[in-house]
Amino acid sequence: MKNQNGITLIALVITIIVLLILAGVSIAMLTGDNGILSNAQKAGDDTLKAEVKERLQLALNDVKTEIYANQADKNSYKPLEGTSGSYTLEADITKVLTNNDFGTSNTSGEYYYKLDTSTGILTVSYFNETKEIGNSTTPASATIDLSKTPYTITPVTRNNN
């Protein structure tokens with residue numbers, strides 16, 4: 001017999017089977033419940049949640065800083081008491097939040113605020129359907145009561161995590 005070089009049909013089949021097994025394991029690692037893609041999605045959601053929480057807290061802290069700075073400079077500057085008074089708290093809040101890219105409604109930006117002058121409650125919120133956190137349809141929000149001191153920030157809330 002002559003010396004023949006090449007691969008046999010059995011060796012080819014075994015090689016194909018091994019490659020199919022490796023491909024199956026790789027696909028499962030990518031797309032499974034604990035796969036790389038789903039873990040990346042969860043990490044992205046967690047990062048967005050942390051960003052939103054931080055952004056809302058920073059906005060409220062900016063408002064508090066503005067209030068405290070003005071209270072140190074002006075005797076007439078005090079917590080919000082309806083719409084009367086010689087202070088400009090409402091205008092200062094608007095200035096601070098506008099500078100931080102907050103709009104006045106959820107149609108004017110992904111971050112927005114609402115100041116209820118009758119109760120003295122300032123609420124800052126986040127909601128953008130293209131960057132929705134989880135499956136919730138309610139905005140993440142945090143509040144501060146400006147009707148009395150000390151000004152305490154209520155933690156960020158959300159219906160679904």
# chains A, B, ... in the order shown; residues from 1 in each chain; ligands from 1
call {"tool": "closest_atom_pairs", "arguments": {"of": "stretch 89-118 of chain A", "to": "stretch 54-66 of chain A", "cutoff": "12 Å", "atoms": "only C-alpha atoms", "output": "CSV"}}
result
residue,atom,partner,partner_atom,distance
A:Leu89,CA,A:Glu66,CA,8.9
A:Glu90,CA,A:Val63,CA,10.3
A:Ala91,CA,A:Glu66,CA,11.0
A:Asp92,CA,A:Glu66,CA,7.3
A:Ile93,CA,A:Val63,CA,6.0
A:Thr94,CA,A:Val63,CA,9.2
A:Lys95,CA,A:Val63,CA,9.4
A:Val96,CA,A:Val63,CA,6.4
A:Leu97,CA,A:Ala59,CA,6.6
A:Thr98,CA,A:Ala59,CA,10.0
A:Asn99,CA,A:Ala59,CA,9.8
A:Asn100,CA,A:Ala59,CA,7.0
A:Asp101,CA,A:Ala59,CA,9.6
A:Phe102,CA,A:Ala59,CA,8.7
A:Glu110,CA,A:Arg55,CA,11.3
A:Tyr111,CA,A:Leu56,CA,8.2
A:Tyr112,CA,A:Leu56,CA,9.5
A:Tyr113,CA,A:Ala59,CA,9.7
A:Leu115,CA,A:Val63,CA,11.8
call {"tool": "atom_distance", "arguments": {"atom1": "atom CA of A:Thr47", "atom2": "atom CA of A:Ser26"}}
result
26.3 Å
